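Trainee: To be precise about what I am sending: the file is called entry.cif and holds mmCIF, C-alpha atoms and all ligand atoms.
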```cif
data_start
#
loop_
_atom_site.label_atom_id
_atom_site.label_comp_id
_atom_site.auth_asym_id
_atom_site.auth_seq_id
_atom_site.Cartn_x
_atom_site.Cartn_y
_atom_site.Cartn_z
CA MET A 2 -1.15 -2.90 0.83
CA ARG A 3 -4.61 -1.48 0.38
CA VAL A 4 -5.24 0.97 -2.47
CA LEU A 5 -8.36 3.06 -2.99
CA ILE A 6 -9.30 4.01 -6.56
CA VAL A 7 -11.88 6.74 -7.18
CA GLU A 8 -12.51 6.91 -10.93
CA ASP A 9 -15.77 7.22 -12.84
CA GLU A 10 -14.58 5.83 -16.20
CA THR A 11 -15.62 2.21 -15.84
CA ALA A 12 -13.03 0.68 -18.17
CA LEU A 13 -10.16 2.62 -16.61
CA ARG A 14 -11.31 1.85 -13.06
CA GLU A 15 -11.67 -1.86 -13.77
CA ASN A 16 -8.37 -2.09 -15.63
CA LEU A 17 -6.56 -0.30 -12.83
CA ALA A 18 -8.18 -2.52 -10.21
CA ALA A 19 -7.18 -5.67 -12.11
CA THR A 20 -3.61 -4.44 -12.67
CA LEU A 21 -3.17 -3.46 -9.03
CA ARG A 22 -4.61 -6.76 -7.81
CA GLY A 23 -2.14 -8.48 -10.11
CA GLN A 24 0.61 -6.54 -8.33
CA GLY A 25 -0.55 -7.81 -4.94
CA TYR A 26 -2.59 -4.82 -3.78
CA ALA A 27 -5.92 -5.22 -2.03
CA VAL A 28 -8.21 -2.86 -3.99
CA ASP A 29 -11.26 -0.79 -3.02
CA ALA A 30 -12.87 1.11 -5.87
CA ALA A 31 -15.48 3.85 -6.11
CA ALA A 32 -17.07 5.48 -9.17
CA ASN A 33 -18.18 8.73 -7.54
CA CYS A 34 -17.49 11.18 -4.71
CA ARG A 35 -20.18 9.76 -2.46
CA ASP A 36 -18.71 6.25 -2.28
CA GLY A 37 -15.11 7.47 -2.40
CA ARG A 38 -15.70 9.88 0.49
CA TYR A 39 -16.81 7.04 2.75
CA LEU A 40 -14.07 4.59 1.72
CA GLY A 41 -11.31 7.19 2.06
CA ALA A 42 -12.53 8.31 5.47
CA ASP A 43 -13.25 4.95 7.09
CA PHE A 44 -11.24 2.24 5.34
CA PRO A 45 -7.66 1.16 6.19
CA VAL A 46 -6.27 2.86 3.06
CA ASP A 47 -2.50 2.76 2.38
CA ILE A 48 -2.60 4.85 -0.79
CA ALA A 49 -5.30 6.44 -2.97
CA VAL A 50 -5.64 7.21 -6.69
CA VAL A 51 -8.28 9.88 -7.23
CA ASP A 52 -9.70 11.25 -10.47
CA ILE A 53 -10.46 14.98 -10.33
CA GLY A 54 -13.50 15.01 -12.62
CA LEU A 55 -16.20 12.92 -10.93
CA PRO A 56 -19.93 12.94 -11.77
CA ASP A 57 -21.07 14.25 -8.38
CA GLY A 58 -18.20 16.60 -7.52
CA SER A 59 -14.46 17.12 -7.61
CA GLY A 60 -11.78 14.70 -6.44
CA ILE A 61 -9.98 17.74 -5.01
CA ASP A 62 -12.77 18.16 -2.44
CA LEU A 63 -12.33 14.51 -1.43
CA VAL A 64 -8.62 15.07 -0.86
CA ARG A 65 -9.36 18.16 1.23
CA GLU A 66 -12.00 16.36 3.29
CA TRP A 67 -9.82 13.33 4.02
CA ARG A 68 -6.91 15.54 5.05
CA ALA A 69 -9.19 17.62 7.27
CA ALA A 70 -10.31 14.35 8.87
CA GLY A 71 -6.70 13.50 9.67
CA ARG A 72 -6.08 10.85 7.01
CA THR A 73 -2.39 10.94 6.07
CA TYR A 74 -1.95 8.19 3.43
CA PRO A 75 -0.37 9.30 0.12
CA ILE A 76 -2.78 10.45 -2.59
CA LEU A 77 -2.13 10.60 -6.33
CA ILE A 78 -4.62 12.60 -8.39
CA LEU A 79 -5.50 11.97 -12.03
CA THR A 80 -6.03 15.08 -14.14
CA ALA A 81 -7.12 15.75 -17.68
CA ARG A 82 -4.59 17.02 -20.19
CA GLY A 83 -4.18 20.80 -20.18
CA ARG A 84 -5.79 21.31 -16.77
CA TRP A 85 -2.72 22.66 -14.97
CA GLU A 86 -4.96 24.48 -12.45
CA ASP A 87 -6.22 21.08 -11.27
CA LYS A 88 -2.69 19.93 -10.48
CA VAL A 89 -2.03 23.04 -8.42
CA SER A 90 -5.35 22.87 -6.53
CA GLY A 91 -4.96 19.13 -5.96
CA LEU A 92 -1.45 19.43 -4.54
CA GLU A 93 -2.50 22.38 -2.40
CA ALA A 94 -5.49 20.42 -1.09
CA GLY A 95 -3.10 17.75 0.19
CA ALA A 96 -2.44 15.38 -2.72
CA ASP A 97 1.17 14.15 -3.02
CA ASP A 98 1.53 13.58 -6.74
CA TYR A 99 -0.43 13.67 -9.99
CA LEU A 100 -0.60 11.95 -13.35
CA VAL A 101 -2.06 13.43 -16.53
CA LYS A 102 -4.43 11.22 -18.53
CA PRO A 103 -3.79 9.21 -20.59
CA PHE A 104 -0.87 7.62 -18.77
CA HIS A 105 1.12 4.40 -18.94
CA VAL A 106 0.16 2.04 -16.14
CA GLU A 107 3.87 1.32 -15.50
CA GLU A 108 4.32 4.98 -14.62
CA LEU A 109 1.39 4.87 -12.22
CA LEU A 110 2.80 1.75 -10.54
CA ALA A 111 6.25 3.32 -10.18
CA ARG A 112 4.77 6.50 -8.71
CA LEU A 113 2.65 4.54 -6.23
CA ARG A 114 5.69 2.56 -5.08
CA ALA A 115 7.70 5.78 -4.66
CA LEU A 116 4.90 7.47 -2.70
CA VAL A 117 4.49 4.51 -0.38
CA ARG A 118 8.18 4.14 0.41
CA ARG A 119 8.70 7.88 0.90
CA ALA A 120 5.65 8.08 3.19
CA ALA A 121 7.20 5.26 5.25
CA GLY A 122 10.54 7.08 5.53
CA PHE A 123 12.56 5.21 2.89
CA SER A 124 14.27 7.27 0.21
CA ALA A 125 16.09 4.56 -1.77
CA GLY A 126 14.25 2.46 -4.35
CA THR A 127 14.56 -0.67 -2.23
CA LEU A 128 13.45 -1.06 1.37
CA ARG A 129 16.30 -1.97 3.74
CA CYS A 130 15.90 -2.93 7.36
CA GLY A 131 19.14 -4.30 8.83
CA PRO A 132 20.10 -7.40 6.82
CA ILE A 133 16.73 -7.58 5.02
CA GLU A 134 16.29 -5.90 1.65
CA LEU A 135 13.03 -5.81 -0.30
CA ASP A 136 12.75 -4.59 -3.88
CA PRO A 137 9.13 -3.52 -4.51
CA ALA A 138 9.61 -3.17 -8.28
CA ARG A 139 10.85 -6.75 -8.66
CA GLN A 140 8.99 -8.08 -5.62
CA SER A 141 12.19 -9.79 -4.52
CA VAL A 142 13.76 -10.16 -1.08
CA THR A 143 17.26 -10.88 0.21
CA ALA A 144 18.46 -11.52 3.76
CA SER A 145 22.17 -10.89 4.40
CA GLY A 146 22.54 -10.76 0.61
CA VAL A 147 21.02 -14.22 0.05
CA PRO A 148 17.84 -14.39 -2.10
CA VAL A 149 14.76 -15.50 -0.14
CA GLU A 150 11.90 -17.21 -1.99
CA LEU A 151 8.60 -16.01 -0.57
CA THR A 152 5.00 -16.74 -1.52
CA ALA A 153 2.94 -13.75 -2.66
CA PHE A 154 1.28 -13.52 0.73
CA GLU A 155 4.49 -13.91 2.75
CA TYR A 156 5.92 -11.10 0.63
CA LYS A 157 2.95 -8.84 1.43
CA VAL A 158 3.26 -9.50 5.16
CA LEU A 159 6.99 -8.72 5.11
CA GLU A 160 6.45 -5.56 3.06
CA HIS A 161 3.86 -4.32 5.56
CA LEU A 162 6.16 -5.06 8.51
CA MET A 163 9.07 -3.28 6.80
CA LEU A 164 6.96 -0.23 5.95
CA HIS A 165 6.07 -0.10 9.66
CA ALA A 166 9.51 -1.14 10.93
CA GLY A 167 9.89 -0.77 14.67
CA ALA A 168 6.14 -0.43 15.26
CA VAL A 169 3.93 -3.16 16.67
CA VAL A 170 1.60 -4.45 13.94
CA SER A 171 -1.47 -6.26 15.19
CA LYS A 172 -3.03 -9.27 13.48
CA THR A 173 -6.14 -7.18 12.84
CA GLU A 174 -4.06 -4.49 11.13
CA LEU A 175 -2.33 -7.08 8.94
CA THR A 176 -5.58 -8.71 7.83
CA GLN A 177 -7.24 -5.31 7.20
CA HIS A 178 -4.40 -4.13 4.99
CA LEU A 179 -3.74 -7.38 3.15
CA TYR A 180 -7.15 -8.99 2.58
CA GLU A 181 -9.92 -7.45 0.50
CA ASP A 182 -12.82 -9.19 2.20
CA ASP A 183 -13.68 -10.74 5.51
CA GLN A 184 -12.77 -14.27 4.50
CA ASP A 185 -9.57 -16.07 5.47
CA ARG A 186 -9.19 -14.02 8.59
CA ASP A 187 -8.25 -16.98 10.74
CA SER A 188 -5.52 -15.66 13.01
CA ASN A 189 -3.92 -19.12 13.30
CA VAL A 190 -3.21 -19.00 9.58
CA LEU A 191 -1.37 -15.73 10.08
CA GLU A 192 0.61 -17.17 12.95
CA VAL A 193 1.75 -20.15 10.88
CA LEU A 194 2.64 -17.85 8.03
CA ILE A 195 4.72 -15.56 10.24
CA GLY A 196 6.56 -18.61 11.59
CA ARG A 197 7.39 -19.71 8.05
CA LEU A 198 8.47 -16.21 7.06
CA ARG A 199 10.73 -16.03 10.10
CA ARG A 200 12.44 -19.32 9.18
CA LYS A 201 12.91 -18.29 5.56
CA LEU A 202 14.48 -14.96 6.53
CA ASP A 203 16.60 -16.49 9.25
CA PRO A 204 17.41 -20.16 8.50
CA THR A 205 20.23 -20.20 11.07
CA ARG A 206 17.94 -18.79 13.82
CA ARG A 207 20.36 -16.08 14.79
CA LEU A 208 18.62 -12.89 13.70
CA ASN A 209 15.12 -13.27 15.17
CA PRO A 210 13.89 -10.72 12.58
CA ILE A 211 10.21 -10.77 13.59
CA GLU A 212 9.29 -10.69 17.23
CA THR A 213 5.88 -11.83 18.52
CA LEU A 214 4.44 -9.71 21.29
CA ARG A 215 1.82 -11.85 22.93
CA GLY A 216 -1.67 -10.42 22.53
CA ARG A 217 -0.39 -7.36 20.66
CA GLY A 218 1.08 -8.50 17.37
CA TYR A 219 4.39 -8.52 15.58
CA VAL A 220 7.32 -6.18 15.24
CA LEU A 221 10.21 -6.19 12.80
CA ARG A 222 13.26 -5.87 15.01
CA PHE A 223 15.38 -3.94 12.54
CA GLY A 224 14.90 -0.22 11.95
CA ARG A 225 14.70 1.23 8.47
CA ASP A 226 17.88 2.27 6.71
CA ALA A 227 16.76 5.40 4.86
CA CA B 1 -13.54 11.52 -14.70
#
```
Would you mind writing the file out in structure tokens?

Mentor:
Amino acid sequence: MRVLIVEDETALRENLAATLRGQGYAVDAAANCRDGRYLGADFPVDIAVVDIGLPDGSGIDLVREWRAAGRTYPILILTARGRWEDKVSGLEAGADDYLVKPFHVEELLARLRALVRRAAGFSAGTLRCGPIELDPARQSVTASGVPVELTAFEYKVLEHLMLHAGAVVSKTELTQHLYEDDQDRDSNVLEVLIGRLRRKLDPTRRLNPIETLRGRGYVLRFGRDA
């Protein structure tokens, strides 16, 4: 999951980036409108956290521009205390949620998880696709009710496939959304990892939860249970 942070307060931006990386997100960060505009328009963003008061403009304009350009990922805006007009303008510009500074990082994390699952069509707190259940708050997974031990990266791959259940996910898409930089993009590594994930989710080889479509990518065979 790739998160974009646009925040000019250095300490807050760096703390948020570190916390989100610790939670398994790939993070892109910008300190002003100019850099944020580019990242939000051209990068494979899954969710964005945008401060309203930026040194070279307003975060609300960024939201409006990205929406006008057809970007649909969820956006949470950060507003200063007492600026209720900012919340209204931000939501009307196309943001999905807001937090008033200062905030507890746990609240931000919970809101991001809720925005992501709702945007993907899940309403419950855990993601369910057929026999597979993933709890984003605990980062735990069960298959047919049995706990499945996954590595951090296997977990991220499964989460991405579940959020895009039923759709074909290419290797390029997976690497773009899960890796921060251009390293480790060996597609054989991904293939081995998917094979391992498949066996862990389906030790008896009866479910075939993840199908490989040659030359196109992978698809989770179970639809989402809203
Ligand atoms: Ca600011």

Trainee: Residues within 10 Å of Ser90 in chain A, please, as a PyMOL selection string. Count all atoms listed in the file; anything in the same chain fewer than 6 positions from it doesn't count.

Mentor: chain A and resi 61-62+65+96

Trainee: Give me the residues within 6 Å of Ala144 in chain A as a PyMOL selection string, counting all atoms listed in the file and dropping any in the same chain fewer than 6 places off.

Mentor: chain A and resi 132-133+202

Trainee: Could you please take those selected residues and save C-alpha atoms as an mmCIF file, in the frame of the given file?

Mentor:
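So the final result, stored in selection20.cif, reads:
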```cif
data_model
loop_
_atom_site.group_PDB
_atom_site.id
_atom_site.type_symbol
_atom_site.label_atom_id
_atom_site.label_comp_id
_atom_site.auth_asym_id
_atom_site.auth_seq_id
_atom_site.Cartn_x
_atom_site.Cartn_y
_atom_site.Cartn_z
ATOM 1 C CA PRO A 132 20.100 -7.400 6.820
ATOM 2 C CA ILE A 133 16.730 -7.580 5.020
ATOM 3 C CA LEU A 202 14.480 -14.960 6.530
#
```

Trainee: Kindly compile the residues surrounding ligand CA 1 (chain B) within 9 Å, counting all atoms listed in the file, and format them as a CSV table (one decimal) with C-alpha atoms, in the coordinates of the input.

Mentor:
```
chain,number,residue,atom,x,y,z
A,8,GLU,CA,-12.5,6.9,-10.9
A,9,ASP,CA,-15.8,7.2,-12.8
A,10,GLU,CA,-14.6,5.8,-16.2
A,32,ALA,CA,-17.1,5.5,-9.2
A,33,ASN,CA,-18.2,8.7,-7.5
A,52,ASP,CA,-9.7,11.2,-10.5
A,53,ILE,CA,-10.5,15.0,-10.3
A,54,GLY,CA,-13.5,15.0,-12.6
A,55,LEU,CA,-16.2,12.9,-10.9
A,56,PRO,CA,-19.9,12.9,-11.8
A,79,LEU,CA,-5.5,12.0,-12.0
A,80,THR,CA,-6.0,15.1,-14.1
A,81,ALA,CA,-7.1,15.8,-17.7
```

Trainee: Need to verify the contact set: Met2 in chain A, 6 Å, only C-alpha atoms, exclusion of same-chain residues closer than 6 positions in sequence. Can you return it as a list in words?

Mentor: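 Listing them by chain and then by number gives Tyr26, His178 and Leu179 of chain A.
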
Trainee: At what distance in Å, to one decimal, does CA of Val142 in chain A lie from CA of Leu128 in chain A?

Mentor: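 CA of Val142 in chain A lies 9.4 Å from CA of Leu128 in chain A.
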
Trainee: Quick one: of A:Arg114, A:Arg200, A:Arg129, A:Arg217, who's nearest to Gly146 in chain A, counting all atoms listed in the file?

Mentor: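 Among A:Arg114, A:Arg200, A:Arg129, A:Arg217, it is A:Arg129 that comes nearest to Gly146 in chain A.
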
Trainee: Hey, which of A:Trp85, A:Phe154, A:Trp67, A:Phe223 ends up closest to Glu134 in chain A? Count all atoms listed in the file.

Mentor: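 Distance minimum relative to Glu134 in chain A lands on A:Phe223.
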
Trainee: Would you tabulate, counting only C-alpha atoms, all residues of range 11-49 of chain A that have an atom at most 12 Å from an atom of range 167-176 of chain A, showing the closest pair of atoms and their distance in Å to one decimal, sorted by chain then ascending number, as a tab-separated table?

Mentor:
```
residue	atom	partner	partner_atom	distance
A:Ala27	CA	A:Thr176	CA	10.5
A:Phe44	CA	A:Glu174	CA	11.4
A:Pro45	CA	A:Glu174	CA	8.3
A:Val46	CA	A:Glu174	CA	11.1
A:Asp47	CA	A:Glu174	CA	11.5
```

Trainee: Can you tell me how far CA of Ile48 in chain A sits from CA of Ile76 in chain A, in Å to one decimal?

Mentor: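 It comes out at 5.9 Å.
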
Trainee: Go ahead and compute the interatomic distance for CA of Ser141 in chain A and CA of Tyr74 in chain A, in Å to one decimal.

Mentor: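 So the answer is 24.2 Å.
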
Trainee: Write out as a list in words which residues come within 7 Å of Cys34 in chain A when counting all atoms listed in the file, dropping same-chain ones fewer than 2 positions away.

Mentor: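 The neighbour list is Asp36, Gly37, Arg38, Leu55, Asp57, Gly58, Gly60 and Leu63 of chain A.
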
Trainee: Counting all atoms listed in the file, which residue out of A:Leu208, A:Val51, A:Ala42, A:Val158 sits closest to Ala70 in chain A?

Mentor: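 Closest candidate: A:Ala42.
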
Trainee: Taking the point (-1.1, 12.4, -17.4) as given in the file, collect each protein or nucleic acid residue that comes within 9 Å of it, counting only C-alpha atoms, and present the set as a PyMOL selection string.

Mentor: chain A and resi 79-82+99-105

Trainee: Ranking A:Ala115, A:Ala120, A:Leu77, A:Leu110 by minimum distance to Asp97 in chain A and counting all atoms listed in the file, which one comes first?

Mentor: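 For Asp97 in chain A, the nearest of the given residues is A:Leu77.
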
Trainee: Compile the contact shell of Cys130 in chain A as a count of residues only: residues with an atom at most 6 Å away, counting only C-alpha atoms, same-chain residues fewer than 4 positions apart removed.

Mentor: 4

Trainee: Considering all atoms listed in the file, can you say which of A:Leu109, A:Leu116, A:Leu198, A:Val220 comes closest to Thr152 in chain A?

Mentor: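 With all atoms listed in the file as the atom set, the closest residue is A:Leu198.
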
Trainee: Quick one: axis-aligned box around all listed atoms of range 58-72 of chain A, 4 Å on every side, centre and edge lengths in Å to one decimal, written as lines of an AutoDock Vina configuration file.

Mentor:
```
center_x = -12.1
center_y = 14.5
center_z = 1.0
size_x = 20.1
size_y = 15.3
size_z = 25.3
```

Trainee: Which residue is closest to Arg119 in chain A? Choose from A:Ile78, A:Leu21, A:Leu164, A:Glu107 and count only C-alpha atoms.

Mentor: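 Closest residue, counting only C-alpha atoms: A:Leu164.
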